[in-house]
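Novice: Next comes the structure file start-v2.pdb, holding PDB, C-alpha atoms.
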```pdb
ATOM      1  CA  MET H   1     139.061  31.421  29.589
ATOM      2  CA  SER H   2     137.745  30.051  32.861
ATOM      3  CA  TYR H   3     139.358  31.115  36.112
ATOM      4  CA  MET H   4     137.561  28.683  38.385
ATOM      5  CA  PHE H   5     139.730  28.117  41.390
ATOM      6  CA  THR H   6     140.159  24.401  40.649
ATOM      7  CA  ALA H   7     143.049  25.301  38.380
ATOM      8  CA  HIS H   8     144.892  26.830  41.305
ATOM      9  CA  LEU H   9     144.246  24.464  44.192
ATOM     10  CA  GLY H  10     147.978  23.899  44.580
ATOM     11  CA  PRO H  11     148.826  27.541  45.393
ATOM     12  CA  ALA H  12     145.604  27.788  47.382
ATOM     13  CA  LEU H  13     146.447  24.929  49.678
ATOM     14  CA  GLU H  14     150.020  26.158  49.977
ATOM     15  CA  ALA H  15     148.620  29.482  51.221
ATOM     16  CA  ARG H  16     146.487  27.903  53.921
ATOM     17  CA  GLY H  17     148.606  29.524  56.628
ATOM     18  CA  CYS H  18     148.247  26.954  59.427
ATOM     19  CA  SER H  19     151.557  25.782  60.820
ATOM     20  CA  ASP H  20     152.088  22.210  62.029
ATOM     21  CA  SER H  21     152.760  23.474  65.539
ATOM     22  CA  VAL H  22     149.434  25.287  65.697
ATOM     23  CA  ASN H  23     147.560  22.276  64.344
ATOM     24  CA  ALA H  24     149.259  20.139  66.990
ATOM     25  CA  LYS H  25     148.076  22.505  69.708
ATOM     26  CA  VAL H  26     144.556  22.320  68.354
ATOM     27  CA  ARG H  27     144.605  18.520  68.304
ATOM     28  CA  ASN H  28     145.965  18.440  71.847
ATOM     29  CA  GLY H  29     143.280  20.795  73.116
ATOM     30  CA  SER H  30     145.830  23.287  74.436
ATOM     31  CA  GLN H  31     145.223  26.080  71.952
ATOM     32  CA  THR H  32     144.815  29.703  72.941
ATOM     33  CA  ALA H  33     142.034  31.856  71.544
ATOM     34  CA  ALA H  34     144.453  33.092  68.923
ATOM     35  CA  SER H  35     145.461  29.615  67.829
ATOM     36  CA  LYS H  36     141.797  28.625  67.643
ATOM     37  CA  GLU H  37     141.271  31.496  65.259
ATOM     38  CA  LEU H  38     144.315  30.372  63.311
ATOM     39  CA  PHE H  39     142.907  26.868  63.075
ATOM     40  CA  TRP H  40     139.587  28.082  61.705
ATOM     41  CA  ALA H  41     141.405  30.386  59.299
ATOM     42  CA  THR H  42     142.673  27.343  57.418
ATOM     43  CA  TRP H  43     141.862  27.552  53.742
ATOM     44  CA  ASN H  44     138.768  25.447  53.052
ATOM     45  CA  PRO H  45     139.276  23.939  49.572
ATOM     46  CA  VAL H  46     135.595  22.988  49.262
ATOM     47  CA  LEU H  47     134.491  26.580  49.748
ATOM     48  CA  ALA H  48     137.404  27.824  47.663
ATOM     49  CA  LEU H  49     136.038  25.903  44.680
ATOM     50  CA  ARG H  50     133.115  28.333  44.643
ATOM     51  CA  MET H  51     135.442  31.300  44.190
ATOM     52  CA  ASN H  52     136.127  32.607  40.716
ATOM     53  CA  LEU H  53     137.620  35.702  39.195
ATOM     54  CA  GLU H  54     134.605  36.484  37.034
ATOM     55  CA  ASP H  55     132.472  37.229  40.105
ATOM     56  CA  TYR H  56     135.226  39.421  41.545
ATOM     57  CA  PHE H  57     135.470  41.370  38.284
ATOM     58  CA  VAL H  58     131.697  41.874  38.317
ATOM     59  CA  ARG H  59     131.976  43.132  41.908
ATOM     60  CA  ILE H  60     134.507  45.807  40.938
ATOM     61  CA  TYR H  61     132.858  46.593  37.572
ATOM     62  CA  TYR H  62     135.942  45.511  35.653
ATOM     63  CA  LYS H  63     135.360  44.452  32.036
ATOM     64  CA  GLY H  64     138.908  44.620  30.733
ATOM     65  CA  SER H  65     141.401  41.935  29.830
ATOM     66  CA  SER H  66     142.426  39.324  32.382
ATOM     67  CA  ASP H  67     144.542  36.958  30.311
ATOM     68  CA  LYS H  68     147.871  38.751  30.775
ATOM     69  CA  CYS H  69     149.983  39.736  33.778
ATOM     70  CA  ASN H  70     151.225  43.192  32.852
ATOM     71  CA  PHE H  71     151.284  46.514  34.682
ATOM     72  CA  GLN H  72     148.425  48.095  32.737
ATOM     73  CA  ILE H  73     145.992  45.333  33.682
ATOM     74  CA  LEU H  74     147.166  45.469  37.309
ATOM     75  CA  LYS H  75     146.624  49.230  37.354
ATOM     76  CA  GLU H  76     143.121  48.948  35.883
ATOM     77  CA  ILE H  77     142.075  46.239  38.349
ATOM     78  CA  PHE H  78     143.565  48.318  41.181
ATOM     79  CA  GLN H  79     141.612  51.438  40.229
ATOM     80  CA  HIS H  80     138.340  49.591  39.750
ATOM     81  CA  HIS H  81     138.793  47.953  43.150
ATOM     82  CA  ILE H  82     139.372  51.136  45.155
ATOM     83  CA  ARG H  83     136.300  52.801  43.579
ATOM     84  CA  ALA H  84     134.011  49.848  44.199
ATOM     85  CA  VAL H  85     135.101  48.402  47.550
ATOM     86  CA  PRO H  86     134.993  50.776  50.545
ATOM     87  CA  PHE H  87     137.634  50.771  53.247
ATOM     88  CA  GLU H  88     135.427  50.144  56.278
ATOM     89  CA  ASN H  89     135.356  48.681  59.772
ATOM     90  CA  LEU H  90     131.577  48.607  60.166
ATOM     91  CA  SER H  91     131.512  44.917  61.089
ATOM     92  CA  ILE H  92     132.936  45.858  64.486
ATOM     93  CA  HIS H  93     130.020  48.213  65.077
ATOM     94  CA  CYS H  94     127.511  45.627  63.851
ATOM     95  CA  LYS H  95     128.880  43.066  66.331
ATOM     96  CA  GLU H  96     130.317  40.889  63.557
ATOM     97  CA  MET H  97     133.739  39.255  63.759
ATOM     98  CA  ILE H  98     136.186  40.143  60.993
ATOM     99  CA  GLN H  99     137.899  37.016  59.699
ATOM    100  CA  VAL H 100     141.115  36.629  57.719
ATOM    101  CA  ASN H 101     140.447  33.379  55.851
ATOM    102  CA  ILE H 102     139.940  33.932  52.143
ATOM    103  CA  ASP H 103     136.600  32.117  52.022
ATOM    104  CA  ALA H 104     135.009  34.514  54.514
ATOM    105  CA  ILE H 105     136.588  37.549  52.846
ATOM    106  CA  TYR H 106     135.393  36.483  49.393
ATOM    107  CA  SER H 107     131.878  35.919  50.718
ATOM    108  CA  LYS H 108     131.822  39.277  52.488
ATOM    109  CA  ILE H 109     133.293  41.492  49.762
ATOM    110  CA  VAL H 110     132.307  39.712  46.547
ATOM    111  CA  LYS H 111     129.039  37.988  47.430
ATOM    112  CA  LYS H 112     127.645  40.383  50.044
ATOM    113  CA  ARG H 113     129.183  43.439  48.350
ATOM    114  CA  ARG H 114     130.705  44.769  51.560
ATOM    115  CA  GLY H 115     134.009  46.515  52.080
ATOM    116  CA  GLY H 116     136.714  45.742  54.601
ATOM    117  CA  TRP H 117     140.051  46.801  56.018
ATOM    118  CA  CYS H 118     143.548  46.078  54.746
ATOM    119  CA  ILE H 119     143.843  42.499  55.986
ATOM    120  CA  GLU H 120     140.644  41.631  54.149
ATOM    121  CA  GLN H 121     140.975  43.658  50.969
ATOM    122  CA  ASN H 122     144.651  43.122  50.268
ATOM    123  CA  HIS H 123     144.279  39.419  51.079
ATOM    124  CA  LEU H 124     141.466  39.225  48.511
ATOM    125  CA  LEU H 125     143.589  41.040  45.939
ATOM    126  CA  TYR H 126     146.484  38.693  46.741
ATOM    127  CA  TRP H 127     144.228  35.762  45.831
ATOM    128  CA  VAL H 128     143.095  37.517  42.641
ATOM    129  CA  LEU H 129     146.614  38.309  41.463
ATOM    130  CA  LYS H 130     147.983  34.903  42.452
ATOM    131  CA  THR H 131     145.158  33.201  40.580
ATOM    132  CA  MET H 132     145.843  35.317  37.499
ATOM    133  CA  GLY H 133     149.509  34.328  37.608
ATOM    134  CA  TYR H 134     151.173  37.456  38.994
ATOM    135  CA  GLU H 135     154.297  37.173  41.142
ATOM    136  CA  VAL H 136     152.899  38.567  44.393
ATOM    137  CA  THR H 137     153.879  38.410  48.068
ATOM    138  CA  MET H 138     152.460  39.742  51.350
ATOM    139  CA  HIS H 139     154.274  42.187  53.616
ATOM    140  CA  GLU H 140     153.490  44.023  56.844
ATOM    141  CA  GLY H 141     153.661  47.714  57.629
ATOM    142  CA  ASN H 142     153.661  49.992  60.672
ATOM    143  CA  VAL H 143     151.299  52.945  60.406
ATOM    144  CA  TYR H 144     152.516  56.414  61.396
ATOM    145  CA  LEU H 145     150.860  57.938  64.484
ATOM    146  CA  PRO H 146     150.821  61.750  64.130
ATOM    147  CA  LEU H 147     149.936  62.558  67.748
ATOM    148  CA  GLN H 148     152.802  60.442  69.061
ATOM    149  CA  ALA H 149     155.073  61.510  66.177
ATOM    150  CA  MET H 150     156.200  57.913  65.711
ATOM    151  CA  TYR H 151     155.435  54.736  63.815
ATOM    152  CA  SER H 152     153.300  52.193  65.614
ATOM    153  CA  ASP H 153     155.169  49.336  67.286
ATOM    154  CA  ARG H 154     152.403  47.043  66.069
ATOM    155  CA  SER H 155     152.696  45.758  62.487
ATOM    156  CA  SER H 156     149.036  46.091  61.601
ATOM    157  CA  HIS H 157     148.976  46.921  57.904
ATOM    158  CA  LEU H 158     149.008  44.284  55.163
ATOM    159  CA  ILE H 159     150.417  45.335  51.786
ATOM    160  CA  LEU H 160     151.445  43.480  48.636
ATOM    161  CA  LYS H 161     154.566  43.436  46.513
ATOM    162  CA  VAL H 162     154.206  42.552  42.839
ATOM    163  CA  VAL H 163     157.056  41.927  40.400
ATOM    164  CA  ILE H 164     156.314  42.507  36.709
ATOM    165  CA  GLU H 165     158.925  42.218  33.967
ATOM    166  CA  GLY H 166     161.787  42.949  36.334
ATOM    167  CA  LYS H 167     160.117  45.924  38.041
ATOM    168  CA  THR H 168     158.792  45.792  41.603
ATOM    169  CA  TYR H 169     155.624  47.544  42.775
ATOM    170  CA  ILE H 170     153.932  48.147  46.114
ATOM    171  CA  VAL H 171     150.223  47.399  45.815
ATOM    172  CA  ASP H 172     147.833  48.588  48.535
ATOM    173  CA  VAL H 173     144.108  48.969  47.819
ATOM    174  CA  SER H 174     143.075  49.443  51.436
ATOM    175  CA  PHE H 175     144.615  52.283  53.391
ATOM    176  CA  GLY H 176     141.567  54.466  52.911
ATOM    177  CA  ALA H 177     140.772  58.189  52.996
ATOM    178  CA  SER H 178     143.099  60.633  51.229
ATOM    179  CA  SER H 179     146.279  58.667  51.948
ATOM    180  CA  GLN H 180     145.086  55.925  49.598
ATOM    181  CA  MET H 181     147.320  55.511  46.551
ATOM    182  CA  TRP H 182     145.426  55.397  43.258
ATOM    183  CA  GLU H 183     147.790  53.067  41.444
ATOM    184  CA  PRO H 184     150.675  50.761  42.369
ATOM    185  CA  LEU H 185     153.902  52.506  43.372
ATOM    186  CA  GLU H 186     157.166  51.456  41.803
ATOM    187  CA  LEU H 187     159.624  50.388  44.493
ATOM    188  CA  LEU H 188     162.257  53.068  43.910
ATOM    189  CA  SER H 189     163.831  55.032  46.742
ATOM    190  CA  GLY H 190     163.498  58.809  46.623
ATOM    191  CA  LYS H 191     161.398  59.004  43.457
ATOM    192  CA  ASP H 192     158.375  61.328  43.475
ATOM    193  CA  GLN H 193     155.347  59.502  42.039
ATOM    194  CA  PRO H 194     152.559  62.036  41.367
ATOM    195  CA  GLN H 195     148.958  60.814  41.461
ATOM    196  CA  SER H 196     145.619  62.609  41.790
ATOM    197  CA  PRO H 197     145.589  62.420  45.632
ATOM    198  CA  GLY H 198     149.070  63.995  45.788
ATOM    199  CA  ILE H 199     152.716  63.039  45.420
ATOM    200  CA  PHE H 200     153.740  59.695  46.889
ATOM    201  CA  ARG H 201     157.350  58.938  47.724
ATOM    202  CA  LEU H 202     159.059  55.755  48.887
ATOM    203  CA  THR H 203     162.376  56.070  50.707
ATOM    204  CA  GLU H 204     164.619  53.203  51.800
ATOM    205  CA  VAL H 205     166.853  53.520  54.877
ATOM    206  CA  ASN H 206     168.833  50.491  56.080
ATOM    207  CA  GLY H 207     166.388  47.994  54.640
ATOM    208  CA  VAL H 208     163.280  49.792  55.901
ATOM    209  CA  TRP H 209     160.980  51.478  53.385
ATOM    210  CA  TYR H 210     159.005  54.612  54.271
ATOM    211  CA  LEU H 211     155.913  55.816  52.412
ATOM    212  CA  ASP H 212     155.223  59.549  52.533
ATOM    213  CA  LYS H 213     152.644  61.700  50.804
ATOM    214  CA  ILE H 214     152.852  65.366  49.849
ATOM    215  CA  ARG H 215     149.362  66.786  49.692
ATOM    216  CA  ARG H 216     147.668  69.988  48.628
ATOM    217  CA  LYS H 217     146.103  72.460  51.029
ATOM    218  CA  GLN H 218     142.428  72.013  51.870
ATOM    219  CA  TYR H 219     139.616  74.480  51.320
ATOM    220  CA  VAL H 220     136.619  74.034  53.635
ATOM    221  CA  PRO H 221     133.756  76.344  52.562
ATOM    222  CA  ASP H 222     131.743  75.789  55.756
ATOM    223  CA  GLU H 223     133.699  77.629  58.442
ATOM    224  CA  ARG H 224     132.062  75.569  61.188
ATOM    225  CA  PHE H 225     134.301  72.695  60.134
ATOM    226  CA  SER H 226     137.468  74.606  59.272
ATOM    227  CA  ASN H 227     139.173  73.327  62.439
ATOM    228  CA  SER H 228     137.685  69.845  62.452
ATOM    229  CA  ASP H 229     139.828  67.123  64.022
ATOM    230  CA  LEU H 230     139.254  65.129  60.833
ATOM    231  CA  LEU H 231     141.355  67.573  58.828
ATOM    232  CA  ASP H 232     145.059  66.936  58.444
ATOM    233  CA  LYS H 233     146.553  70.328  57.678
ATOM    234  CA  ALA H 234     150.103  69.081  57.237
ATOM    235  CA  THR H 235     151.149  69.112  53.596
ATOM    236  CA  HIS H 236     153.816  66.440  54.159
ATOM    237  CA  LYS H 237     152.430  63.278  55.678
ATOM    238  CA  HIS H 238     154.139  60.100  56.850
ATOM    239  CA  VAL H 239     151.897  57.153  55.975
ATOM    240  CA  TYR H 240     153.616  53.894  56.996
ATOM    241  CA  ARG H 241     156.872  51.979  56.909
ATOM    242  CA  PHE H 242     157.535  48.372  55.901
ATOM    243  CA  THR H 243     160.243  45.861  55.034
ATOM    244  CA  LEU H 244     160.480  43.360  52.196
ATOM    245  CA  LEU H 245     160.391  40.388  54.550
ATOM    246  CA  GLU H 246     157.661  38.136  53.164
ATOM    247  CA  ARG H 247     154.710  37.360  55.410
ATOM    248  CA  LYS H 248     151.821  34.897  55.336
ATOM    249  CA  ILE H 249     148.232  35.582  56.287
ATOM    250  CA  ASP H 250     148.594  33.805  59.649
ATOM    251  CA  ASP H 251     151.121  36.502  60.626
ATOM    252  CA  PHE H 252     148.162  38.907  60.788
ATOM    253  CA  LEU H 253     145.849  36.800  62.940
ATOM    254  CA  LEU H 254     146.759  38.298  66.307
ATOM    255  CA  VAL H 255     146.668  41.897  65.106
ATOM    256  CA  ASN H 256     143.373  41.251  63.310
ATOM    257  CA  THR H 257     141.907  40.143  66.635
ATOM    258  CA  TYR H 258     143.481  43.044  68.541
ATOM    259  CA  LEU H 259     142.184  45.707  66.156
ATOM    260  CA  GLN H 260     138.575  44.622  66.573
ATOM    261  CA  THR H 261     138.554  43.732  70.279
ATOM    262  CA  SER H 262     140.992  45.970  72.162
ATOM    263  CA  PRO H 263     139.425  49.061  73.789
ATOM    264  CA  ASP H 264     142.605  50.899  72.765
ATOM    265  CA  SER H 265     142.081  50.194  69.074
ATOM    266  CA  LEU H 266     141.218  53.142  66.839
ATOM    267  CA  PHE H 267     138.752  50.914  65.023
ATOM    268  CA  LYS H 268     136.800  50.276  68.229
ATOM    269  CA  LYS H 269     136.619  53.998  68.896
ATOM    270  CA  LYS H 270     135.504  55.133  65.454
ATOM    271  CA  SER H 271     133.224  53.728  62.782
ATOM    272  CA  ILE H 272     134.954  54.380  59.468
ATOM    273  CA  CYS H 273     133.826  54.041  55.876
ATOM    274  CA  THR H 274     135.724  55.623  52.978
ATOM    275  CA  LEU H 275     135.415  55.209  49.217
ATOM    276  CA  GLN H 276     137.613  56.530  46.438
ATOM    277  CA  LEU H 277     135.816  58.462  43.687
ATOM    278  CA  THR H 278     136.886  59.426  40.184
ATOM    279  CA  ASP H 279     137.785  62.921  41.392
ATOM    280  CA  GLY H 280     138.320  62.529  45.137
ATOM    281  CA  VAL H 281     137.287  60.547  48.185
ATOM    282  CA  ARG H 282     134.177  60.208  50.339
ATOM    283  CA  ALA H 283     134.184  59.300  54.044
ATOM    284  CA  LEU H 284     131.676  58.645  56.805
ATOM    285  CA  ILE H 285     133.311  58.869  60.232
ATOM    286  CA  GLY H 286     130.706  58.314  62.902
ATOM    287  CA  TRP H 287     127.932  60.679  61.799
ATOM    288  CA  THR H 288     130.216  63.033  59.855
ATOM    289  CA  LEU H 289     130.129  62.726  56.070
ATOM    290  CA  THR H 290     132.944  64.354  54.115
ATOM    291  CA  GLU H 291     133.494  64.665  50.384
ATOM    292  CA  THR H 292     136.914  65.703  49.139
ATOM    293  CA  ARG H 293     137.423  66.820  45.558
ATOM    294  CA  TYR H 294     141.052  66.745  44.462
ATOM    295  CA  LYS H 295     142.544  69.664  42.521
ATOM    296  CA  TYR H 296     139.538  71.903  43.136
ATOM    297  CA  LYS H 297     141.953  74.732  42.466
ATOM    298  CA  ASP H 298     145.565  74.631  41.293
ATOM    299  CA  SER H 299     147.046  73.755  44.666
ATOM    300  CA  MET H 300     143.957  73.108  46.751
ATOM    301  CA  ASP H 301     141.428  70.354  47.486
ATOM    302  CA  LEU H 302     137.792  71.061  48.337
ATOM    303  CA  VAL H 303     136.465  69.377  51.503
ATOM    304  CA  GLU H 304     132.735  69.533  52.268
ATOM    305  CA  PHE H 305     131.206  68.403  55.581
ATOM    306  CA  THR H 306     127.715  67.163  56.431
ATOM    307  CA  ILE H 307     126.398  65.877  59.754
ATOM    308  CA  VAL H 308     124.162  62.882  59.099
ATOM    309  CA  LYS H 309     121.105  62.314  61.270
ATOM    310  CA  GLU H 310     120.901  58.964  63.033
ATOM    311  CA  LYS H 311     117.839  57.919  61.042
ATOM    312  CA  ASP H 312     119.619  58.656  57.753
ATOM    313  CA  VAL H 313     122.855  56.733  58.337
ATOM    314  CA  GLU H 314     121.725  53.532  56.621
ATOM    315  CA  MET H 315     120.433  55.513  53.642
ATOM    316  CA  VAL H 316     123.766  57.351  53.338
ATOM    317  CA  LEU H 317     125.668  54.062  53.429
ATOM    318  CA  LYS H 318     123.474  52.717  50.646
ATOM    319  CA  ASP H 319     123.380  55.835  48.470
ATOM    320  CA  LYS H 320     126.949  57.058  48.949
ATOM    321  CA  PHE H 321     128.896  53.827  49.512
ATOM    322  CA  ASN H 322     126.677  51.132  47.942
ATOM    323  CA  LEU H 323     126.610  49.287  51.262
ATOM    324  CA  VAL H 324     123.694  47.411  52.785
ATOM    325  CA  LEU H 325     124.372  45.987  56.242
ATOM    326  CA  GLU H 326     122.773  42.801  57.532
ATOM    327  CA  LYS H 327     122.876  43.746  61.204
ATOM    328  CA  ARG H 328     122.104  46.878  63.174
ATOM    329  CA  PHE H 329     124.885  49.441  62.851
ATOM    330  CA  VAL H 330     125.757  51.766  65.725
ATOM    331  CA  PRO H 331     127.978  54.698  64.614
ATOM    332  CA  VAL H 332     130.870  55.617  66.906
ATOM    333  CA  ASN H 333     133.133  58.663  66.890
ATOM    334  CA  SER H 334     135.162  58.869  70.084
ATOM    335  CA  ASN H 335     137.786  61.536  70.605
ATOM    336  CA  THR H 336     140.659  59.695  68.940
ATOM    337  CA  SER H 337     142.996  60.948  66.239
ATOM    338  CA  PHE H 338     141.939  60.054  62.703
ATOM    339  CA  THR H 339     142.135  62.270  59.645
ATOM    340  CA  ILE H 340     140.531  62.065  56.257
TER
END
```
Any chance you could give the structure as structure tokens?

Specialist:
Amino acid sequence: MSYMFTAHLGPALEARGCSDSVNAKVRNGSQTAASKELFWATWNPVLALRMNLEDYFVRIYYKGSSDKCNFQILKEIFQHHIRAVPFENLSIHCKEMIQVNIDAIYSKIVKKRRGGWCIEQNHLLYWVLKTMGYEVTMHEGNVYLPLQAMYSDRSSHLILKVVIEGKTYIVDVSFGASSQMWEPLELLSGKDQPQSPGIFRLTEVNGVWYLDKIRRKQYVPDERFSNSDLLDKATHKHVYRFTLLERKIDDFLLVNTYLQTSPDSLFKKKSICTLQLTDGVRALIGWTLTETRYKYKDSMDLVEFTIVKEKDVEMVLKDKFNLVLEKRFVPVNSNTSFTI
């Protein structure tokens, strides 16, 4: 069965994400920088014709069935994706702009075999699932900020909701590090959902959903890193909150620009690359490489640290994350809170 995008041009064009008001501003020459970006984020149907599911499946090493829309297939695609596509913000530190239009994302992740952050990866998965025939919608989340002990005021996280045979699931392939879920979470309030990274729990309060994770303790054999700022020693972690109000990709344009340009953005202050493994997660934060193995002991994860020399960074990206960058990469690790 062919999944060339021509069969889905209707949904594709419907998802273009450019409002009439923004297009009017562009035509009148009165657009802001943000509305310019919105204009150029319009879905390009000519480029979209070059997109097909077979290439995406090759990218994530998925060889299973794709002719049904059930939970098992969704789960398998999900798990292949998170182990093939790194969560990374390296474009910022290569002086490349991160775009939200599906054509650019497809080219970056599928053709160039790069990774990306949530707006890129979950948008790509949205296209995949929509093309396959799943009932899928976009939603926005607010990430928890441990140092401030509060959720961010800025809705910066894109997640998906998928409905299958009357059951609803939260699908998020791009949170990264050890807070990354390993399979879709059923949208049930108060239910513990154990996975290899830990126990995930969704809780609904007055229409707002909260995602928490209960994690194991961490064992760091190299005592030099036992108090590293990258370690989150809390066993109960707030991850993010969200509502079920449907969003479109253009709702993420401003925050996508902010995250890669504002000097206050975490992603400007740290170069981040994380990849889920079959037994844990690997991360390169600045020059610090960590490898976490889940369930090293009954109630403990093993976390190993390595400081990578400047001359070896590109080799580590290639060997450990299967990434080859086109432009010069400058690692960054400013003193800003981020945990693996």

Novice: Give as an NGL selection string each residue that has an atom at most 12 Å from (124.5, 56.0, 56.3) in the file, counting only C-alpha atoms.

Specialist: :H and (90 or 271-274 or 283-289 or 306-325 or 328-331)

Novice: I'd like the contact shell of H:Gly166 - 12 Å cut-off, only C-alpha atoms, skipping same-chain residues fewer than 5 positions apart - returned as a PyMOL selection string.

Specialist: chain H and resi 70-71+135+186-187

Novice: Within 7 Å of H:Glu291, counting only C-alpha atoms, which residues show up once you throw out same-chain ones fewer than 6 positions away? Write them as a count of residues only, please.

Specialist: 6

Novice: Considering all atoms listed in the file, state which residue in the set H:His93, H:Lys75, H:Arg59, H:Arg154 is at the smallest distance from H:Val255.

Specialist: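 Ranked by minimum distance to H:Val255, first place goes to H:Arg154.
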
Novice: List, as a PyMOL selection string, every residue that the PyMOL selection byres ((chain H and resi 192-203) around 12) selects in the file provided.

Specialist: chain H and resi 79+169-170+176-191+204-218+235-243+276-281+292-296+299-302+340

Novice: How many Å separate atom CA of H:Asn335 from atom CA of H:Leu230?

Specialist: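 Between atom CA of H:Asn335 and atom CA of H:Leu230 the gap is 10.5 Å.
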
Novice: Edge lengths and centre in Å to one decimal, as JSON, of the axis-aligned box that encloses all listed atoms of stretch 105-115 of chain H with 6 Å added on every side?

Specialist:
```
{"center_x": 132.1, "center_y": 41.2, "center_z": 49.7, "size_x": 20.9, "size_y": 22.6, "size_z": 18.3}
```
